[in-house]
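A quick write-up on the structure given underneath.
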Amino acid sequence: MKDIGIKNIITGIFVIAAIAAFMVFSGVINIGSQSAQVSGQVTVWGTIPFSTIQQYIDQAKEQNLTINYVEKKPLTYEDELINSFASGTGPDLFIMSHEGILRHSDKILEIPYESFPRSSYEQAYVDEARLFLSDTGVRAFPITVDPMIMYYNKALISSAFVLDVPEYWDEFPSFANQVTQYSGTGEIIISAAALGTFDNIPSAKNIITALIMQNKNNIISVDPTTKKNRSILSFDEDQIQRTIQAMDFYTSFARFGSNTYSWNEALVDSKNKFISGDLAIHFGLGSEAQDIRRKNPNLDFGVALFPQVRDNTLRSTHGAMTGIAIAKQSKNIPASINVASKIAGSVIADGLANDLNVAPARKDLLRDKPDDAFRTLIYNSAIISRGWIDADPDATNELFSELVRNINTGALSTRDAISRANADLNTILNRTINTTLGN
């Protein structure tokens with residue numbers, strides 16, 4: 001009887017706190033108001049620099065509530081998180097990429113739809129935020145989105161007598177032919193676009209997966225029978241054809257003799273080649289703009305929406321989304337929900353997005369477009385951002401690297417290379433996220 005009583009008390013506290021959080025998120029109570037009396041201490045882990053997030057942590061504090069933010073190094077963050085939860089010393093909240101949050105869903109306290117209705121969540125956040133939803137509730141709350149965009153060198157493009165940067169992918173063959181310059185021995189001197197290889201294109205996986213998804217293959221789906229995630233890169237003939245089209249287009253830019261040839265593995269990485277002024281188009285995250293400007297203040301470059309597939313009714317790009325999750329092990333669930341609601345709320349999310357040079361994930365903030373063109377592009381790109389369940393980034397990096405290499409070297413046909421990648425992706429899913437999702 002004693003155990004039952006304690007369990008009921010804990011459940012009651014959770015339900016009350018979850019309902020309060022829902023009221024905050026839905027706008028019934030303004031962020032920052034005293035929506036619930038909370039006290040004690042909440043520990044938050046993340047990789048955002050302490051110097052950047054400190055002012056926002058201070059904003060989220062209350063009279064009887066202490067918030068302890070611990071900055072973690074990106075390379076060791078996940079290992080430290082796993083070890084801390086195994087020893088029972090993990091944080092109450094953790095801020096992480098959407099891929100990381102989904103990988104650790106077994107450690108997350110899910111808020112049921114009874115407390116935070118799915119419709120309210122979807123009305124509040126960008127479409128990509130649906131990745132945080134399960135069949136039964138909300139796993140995490142999105143804070144920011146860092147979308148893929150197109151950077152272009154104005155001087156190189158005009159020097160080739162080209163007036164407009166490509167808006168659609170089918171414009172790239174002609175663009176590459178006009179802009180790329182070769183030496184007498186066929187060496188690439190000026191490259192039109194960094195496409196076709198993997199290891200010397202930092203955003204290669206983002207570009208490839210965005211291309212595949214734009215071609216109406218979502219990479220991963222849920223098996224209706226087993227409820228497990230599965231690869232659909234070559235699930236049926238329709239899906240494999242869509243993947244083949246995307247991969248043949250991508251790798252054509254590294255195929256010597258093709259009309260799109262403008263890149264190869266001997267070149268320096270695409271970001272540095274763009275910064276040096278020898279690459280006309282670089283595809284990267286919106287947050288890269290500050291680093292590009294810092295490293296070459298004299299570079300005359302512009303930015304544009306990530307290219308689209310002509311006649312597609314739906315625009316899309318890749319988005320690196322960050323969210324905040326509540327740990328199952330939290331010893332202060334009401335206060336943790338309170339703090340999570342504030343960090344993902346309009347005031348703090350807006351400030352963090354500006355400081356990090358990314359976009360907020362909230363629709364109410366995205367409706368109010370900034371005055372400058374660059375920030376407006378980032379906002380618009382965040383609205384159309386999409387993501388997929390990347391269960392093990394290191395393993396999938398190798399998977400896509402091998403896929404590109406097999407096609408480029410002719411080791412396998414495009415179809416066979418994709419079939420192998422499909423099987424390898426299923427193996428990754430089964431040893432990672434399929435063992436945690438739904439727990």
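Please note that chains go A, B, ... in the order of the structure tokens, that every chain numbers its residues from 1, and that ligands are numbered from 1 in the order shown.
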
How would you write, as a count of residues only, the set of residues in range 76-235 of chain A that DSSP gives as strand (DSSP E)? 36

Can you pull out every residue within 9 Å of Ala421 in chain A, counting only C-alpha atoms, but drop anything in the same chain fewer than 3 positions away, and send it as a PyMOL selection string? chain A and resi 233-234+399-400+402-403+416-418+424-426

Keeping only N, CA and C atoms, write the selected residues as a compact mmCIF listing (two decimals), in the first residue's frame.
# COMPACT_ATOMS: atom_id res chain seq x y z
N LEU A 233 15.39 3.11 -49.00
CA LEU A 233 16.21 3.53 -50.14
C LEU A 233 15.96 2.65 -51.36
N SER A 234 15.71 1.36 -51.12
CA SER A 234 15.38 0.45 -52.23
C SER A 234 14.26 -0.49 -51.82
N LEU A 399 28.45 4.91 -44.51
CA LEU A 399 27.51 4.28 -45.44
C LEU A 399 27.38 5.10 -46.73
N PHE A 400 27.14 6.42 -46.57
CA PHE A 400 26.97 7.26 -47.75
C PHE A 400 28.29 7.50 -48.48
N GLU A 402 30.66 5.26 -48.74
CA GLU A 402 30.85 4.04 -49.52
C GLU A 402 29.90 3.99 -50.72
N LEU A 403 28.67 4.46 -50.51
CA LEU A 403 27.69 4.49 -51.61
C LEU A 403 28.22 5.34 -52.76
N ASP A 416 22.95 -1.55 -57.52
CA ASP A 416 23.55 -2.48 -56.56
C ASP A 416 24.15 -1.73 -55.37
N ALA A 417 24.74 -0.57 -55.65
CA ALA A 417 25.31 0.23 -54.56
C ALA A 417 24.22 0.70 -53.60
N ILE A 418 23.08 1.07 -54.15
CA ILE A 418 21.96 1.50 -53.31
C ILE A 418 21.39 0.32 -52.53
N ASP A 424 22.67 -2.05 -45.32
CA ASP A 424 23.52 -1.54 -44.23
C ASP A 424 22.76 -0.58 -43.33
N LEU A 425 21.87 0.22 -43.92
CA LEU A 425 21.09 1.16 -43.11
C LEU A 425 20.13 0.40 -42.20
N ASN A 426 19.54 -0.66 -42.68
CA ASN A 426 18.68 -1.48 -41.82
C ASN A 426 19.47 -2.09 -40.67

Need to verify the contact set: Ala373 in chain A, 10 Å, only C-alpha atoms, exclusion of same-chain residues closer than 4 positions in sequence. Can you return it as a PyMOL selection string? chain A and resi 303-304+369+377-379

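Among the candidates A:Glu99, A:Glu288, A:Asp364, A:Asp350, the residue lying nearest to Thr144 in chain A is A:Asp350 (atoms considered: only C-alpha atoms).
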
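Comparing the minimum interatomic distances between Ala155 in chain A and each of A:Met247, A:Ile384, A:Met96, A:Val179, counting only C-alpha atoms, we find that A:Val179 sits nearest.
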
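Minimum atom-to-atom distance to Gln239 in chain A, evaluated using only C-alpha atoms, belongs to A:Lys216 out of A:Lys216, A:Gly88, A:Phe253, A:Pro307.
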
Hey, which bits of range 147-259 of chain A sit within 10 Å of range 404-409 of chain A, and for each residue what's the closest pair of atoms and how far apart in Å (one decimal), counting only C-alpha atoms, rows by chain and increasing number, as a tab-separated table?
residue	atom	partner	partner_atom	distance
A:Gly196	CA	A:Val404	CA	7.7
A:Thr197	CA	A:Val404	CA	6.5
A:Phe198	CA	A:Val404	CA	6.7
A:Asp199	CA	A:Arg405	CA	9.6
A:Ala204	CA	A:Val404	CA	9.9
A:Ile208	CA	A:Val404	CA	9.6
A:Met247	CA	A:Val404	CA	7.8
A:Asp248	CA	A:Ile407	CA	8.3
A:Tyr250	CA	A:Val404	CA	8.9
A:Thr251	CA	A:Asn408	CA	6.6
A:Ser252	CA	A:Asn408	CA	8.5
A:Ala254	CA	A:Asn408	CA	7.4
A:Arg255	CA	A:Asn408	CA	7.1
A:Phe256	CA	A:Asn408	CA	10.0

Saved selection, atoms kept: C-alpha atoms, as a tab-separated table (two decimals), in the first residue's frame:
chain	number	residue	atom	x	y	z
A	196	GLY	CA	29.69	14.43	-56.70
A	197	THR	CA	32.13	13.23	-54.02
A	198	PHE	CA	31.82	12.73	-50.28
A	199	ASP	CA	34.99	13.07	-48.23
A	204	ALA	CA	27.74	15.82	-48.51
A	208	ILE	CA	22.52	13.70	-50.72
A	247	MET	CA	22.47	9.46	-56.88
A	248	ASP	CA	23.16	9.48	-60.63
A	250	TYR	CA	24.78	13.85	-57.69
A	251	THR	CA	27.70	11.70	-58.81
A	252	SER	CA	27.63	13.06	-62.39
A	254	ALA	CA	32.51	14.04	-60.35
A	255	ARG	CA	32.39	12.00	-63.57
A	256	PHE	CA	35.24	13.05	-65.86
